[in-house]
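Since the structure comes first, as structure tokens, the remarks are kept for the end.
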Amino acid sequence: MGGTMTAEALPDSQHRQPESSRRRRPTRSKWPVPPADGYTVDDFFALDDLPPHTELIDGSLVFVSPQRDFHTLVMYLLEHGLRRSLPEHLRVRREMAVVLGKRNAPEPDLLLIKSEAVKDRRLTRFDAADVVLAVEVVSPDSEDRDRDTKPHKYAAAGISHFWRVEMEGKDDLPAVYTYQHDAVTGAYLSTGVHHDRLKLSVPYDIDIDLTEIDRL
């Protein structure tokens, strides 16, 4: 038996989507879809309204999670200690982007830079050649980047000194792991682990009481 099948019109109530369904539309990304080979540094600095402290690592955007109290206190402690005996040819900066190459612009927690690199107060970044020391305070979400990815990139870019700060021990005190660039291998060599006191003669005479974090 043959024939033509037709569909009856649905009631008007069945044509309309519930109000809640109409509100649940997919949201569009706030930022443009990245190129197939990732963002370049020029792309990165042209993007608007990125969250604070966003980094560019291997062409990808890396967002920062809310930081622990330890992170804030260590940054204050080290910044204050670095400034206390700072020579005239160096400057201290915190959370400023450093351009390491075409697709990398991380943001170290603290920097020692050459004074001549500070050309005006509108700067948003420094070149690797401007940086004498990069400091990273390790957070739960940044362990791999701070222990592996970033040190290798800082060393490859020729940054002379690198410090990694970890929260250690039953009292959650800072331990500072210090490294110096080896021009022959292009890698960092460990120069010590400092638990209660950070006393160094390079890149200049530095003496910081790390236990002071308990009094901040």
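Chain labels follow the order of the structure tokens: the first chain is A, the next B, and so on; residue numbering restarts at 1 in every chain, and ligands are counted from 1 in their shown order.
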Pick out each residue of stretch 136-183 of chain A that DSSP on the backbone tags as strand (DSSP E); I need them as a PyMOL selection string.
chain A and resi 136-137+161-168+173-181
Selection near A:Leu112, 9 Å with only C-alpha atoms, sequence-local residues under 5 positions removed, as a list in words:
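Final neighbour list, sorted by chain and number: Leu82, Leu90, Arg91, Val92, Arg93, Arg94, Asp130, Val131, Val132, Leu133, Ala134 and Val135 of chain A.
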Give the alpha helix (DSSP H) residues of stretch 41-123 of chain A, as assigned by DSSP on the backbone, as a list of chain:residue names.
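Those in stretch 41-123 of chain A that DSSP calls alpha helix (DSSP H) are A:Val41, A:Asp42, A:Asp43, A:Phe44, A:Phe45, A:Ala46, A:Asp69, A:Phe70, A:His71, A:Thr72, A:Leu73, A:Val74, A:Met75, A:Tyr76, A:Leu77, A:Leu78, A:Glu79, A:His80, A:Gly81, A:Leu82, A:Arg83, A:Arg84.
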List the spatial neighbours of A:Leu56 as a ChimeraX atom specification - criterion: any atom at most 12 Å away, only C-alpha atoms, same-chain residues fewer than 2 positions off excluded.
/A:34,38-45,47,50,53-54,58-64,97-108,145,150
When you look at A:Asp146 with a cut-off of 9 Å (counting only C-alpha atoms), what residues show up, excluding the ones that are within fewer than 5 positions of it in the same chain? I need them as a list in words.
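Here the answer would be Glu136, Val137, Val138, Ser139, Pro151 and Arg164 of chain A.
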Those same residues - N, CA and C atoms - I'd like them written as a compact mmCIF listing (two decimals), in the first residue's frame.
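Writing the result to part.txt gives the following:
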# COMPACT_ATOMS: atom_id res chain seq x y z
N GLU A 136 61.12 32.78 40.69
CA GLU A 136 59.80 32.17 40.63
C GLU A 136 59.46 31.57 41.99
N VAL A 137 58.29 31.94 42.52
CA VAL A 137 57.77 31.36 43.76
C VAL A 137 56.78 30.27 43.36
N VAL A 138 57.07 29.04 43.72
CA VAL A 138 56.28 27.89 43.25
C VAL A 138 54.92 27.84 43.93
N SER A 139 53.88 27.69 43.12
CA SER A 139 52.52 27.49 43.60
C SER A 139 52.04 26.12 43.15
N PRO A 151 62.77 27.52 33.97
CA PRO A 151 64.23 27.56 34.12
C PRO A 151 64.97 27.23 32.83
N ARG A 164 64.50 29.70 42.55
CA ARG A 164 63.21 29.04 42.69
C ARG A 164 62.90 28.93 44.18
Tell me, as a list in words, which residues lie within 10 Å of A:Pro87, counting only C-alpha atoms; anything in the same chain fewer than 4 positions away does not count.
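After dropping sequence-adjacent residues, the list is Leu82, Arg83, Arg91, Ser115, Pro203, Tyr204 and Asp205 of chain A.
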Could you list, with a cut-off of 12 Å and counting only C-alpha atoms, the residues of stretch 20-95 of chain A near stretch 176-186 of chain A, each shown with its nearest atom pair and the distance in Å rounded to one decimal, rows sorted by chain and ascending number, as CSV?
residue,atom,partner,partner_atom,distance
A:Val74,CA,A:Val176,CA,10.1
A:Met75,CA,A:Val176,CA,11.9
A:Leu78,CA,A:Val176,CA,10.1
Skip A:Ala175 itself and residues of its chain fewer than 6 positions away, then list as a PyMOL selection string all residues within 8 Å of it, counting only C-alpha atoms.
chain A and resi 165-168+193-196
A:Ala155 environment, 7 Å, only C-alpha atoms, sequence neighbours closer than 2 positions dropped, as a list in words
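Result of the neighbour search: Pro151, His152, Lys153, Ala157, Gly158, Ile159, His181, Gly186, Ala187 and Tyr188 of chain A.
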Go ahead and save the picked residues with all heavy atoms, as a tab-separated table (two decimals), in the first residue's frame.
chain	number	residue	atom	x	y	z
A	151	PRO	N	62.77	27.52	33.97
A	151	PRO	CA	64.23	27.56	34.12
A	151	PRO	C	64.97	27.23	32.83
A	151	PRO	O	65.98	27.87	32.52
A	151	PRO	CB	64.50	26.52	35.21
A	151	PRO	CG	63.24	26.38	35.96
A	151	PRO	CD	62.14	26.67	35.00
A	152	HIS	N	64.49	26.25	32.09
A	152	HIS	CA	65.14	25.89	30.83
A	152	HIS	C	65.07	27.05	29.83
A	152	HIS	O	66.04	27.33	29.12
A	152	HIS	CB	64.51	24.63	30.23
A	152	HIS	CG	64.95	23.37	30.90
A	152	HIS	ND1	64.29	22.80	31.95
A	152	HIS	CD2	66.03	22.58	30.67
A	152	HIS	CE1	64.92	21.70	32.34
A	152	HIS	NE2	65.98	21.54	31.58
A	153	LYS	N	63.94	27.73	29.80
A	153	LYS	CA	63.79	28.84	28.86
A	153	LYS	C	64.62	30.05	29.31
A	153	LYS	O	65.22	30.74	28.47
A	153	LYS	CB	62.31	29.20	28.71
A	153	LYS	CG	61.50	28.12	28.01
A	153	LYS	CD	60.08	28.56	27.75
A	153	LYS	CE	59.30	27.44	27.07
A	153	LYS	NZ	59.88	27.05	25.77
A	157	ALA	N	67.80	31.60	27.18
A	157	ALA	CA	67.82	33.01	26.81
A	157	ALA	C	69.03	33.75	27.38
A	157	ALA	O	69.22	34.93	27.11
A	157	ALA	CB	66.53	33.68	27.29
A	158	GLY	N	69.83	33.05	28.20
A	158	GLY	CA	71.06	33.63	28.72
A	158	GLY	C	70.91	34.46	29.98
A	158	GLY	O	71.82	35.24	30.33
A	159	ILE	N	69.80	34.33	30.71
A	159	ILE	CA	69.62	35.07	31.97
A	159	ILE	C	70.59	34.50	33.01
A	159	ILE	O	70.60	33.30	33.27
A	159	ILE	CB	68.16	34.99	32.44
A	159	ILE	CG1	67.27	35.73	31.43
A	159	ILE	CG2	68.00	35.58	33.84
A	159	ILE	CD1	65.79	35.64	31.72
A	181	HIS	N	73.98	30.74	35.52
A	181	HIS	CA	74.09	30.31	34.13
A	181	HIS	C	75.52	29.90	33.79
A	181	HIS	O	76.47	30.61	34.12
A	181	HIS	CB	73.64	31.45	33.21
A	181	HIS	CG	73.55	31.08	31.77
A	181	HIS	ND1	74.55	31.37	30.86
A	181	HIS	CD2	72.59	30.42	31.06
A	181	HIS	CE1	74.19	30.95	29.67
A	181	HIS	NE2	73.01	30.36	29.76
A	186	GLY	N	75.21	26.33	28.51
A	186	GLY	CA	73.96	27.05	28.28
A	186	GLY	C	72.88	26.68	29.27
A	186	GLY	O	71.71	27.04	29.09
A	187	ALA	N	73.24	25.96	30.35
A	187	ALA	CA	72.28	25.51	31.36
A	187	ALA	C	72.57	26.19	32.70
A	187	ALA	O	73.60	26.86	32.86
A	187	ALA	CB	72.35	24.00	31.51
A	188	TYR	N	71.67	25.99	33.67
A	188	TYR	CA	71.89	26.51	35.01
A	188	TYR	C	72.61	25.47	35.86
A	188	TYR	O	72.31	24.27	35.79
A	188	TYR	CB	70.57	26.87	35.69
A	188	TYR	CG	69.97	28.17	35.23
A	188	TYR	CD1	68.65	28.25	34.82
A	188	TYR	CD2	70.73	29.35	35.21
A	188	TYR	CE1	68.09	29.44	34.40
A	188	TYR	CE2	70.18	30.55	34.80
A	188	TYR	CZ	68.86	30.59	34.39
A	188	TYR	OH	68.32	31.77	33.97
Taken to one decimal, the atom CA of A:Leu123-atom CA of A:Leu111 distance is 14.2 Å
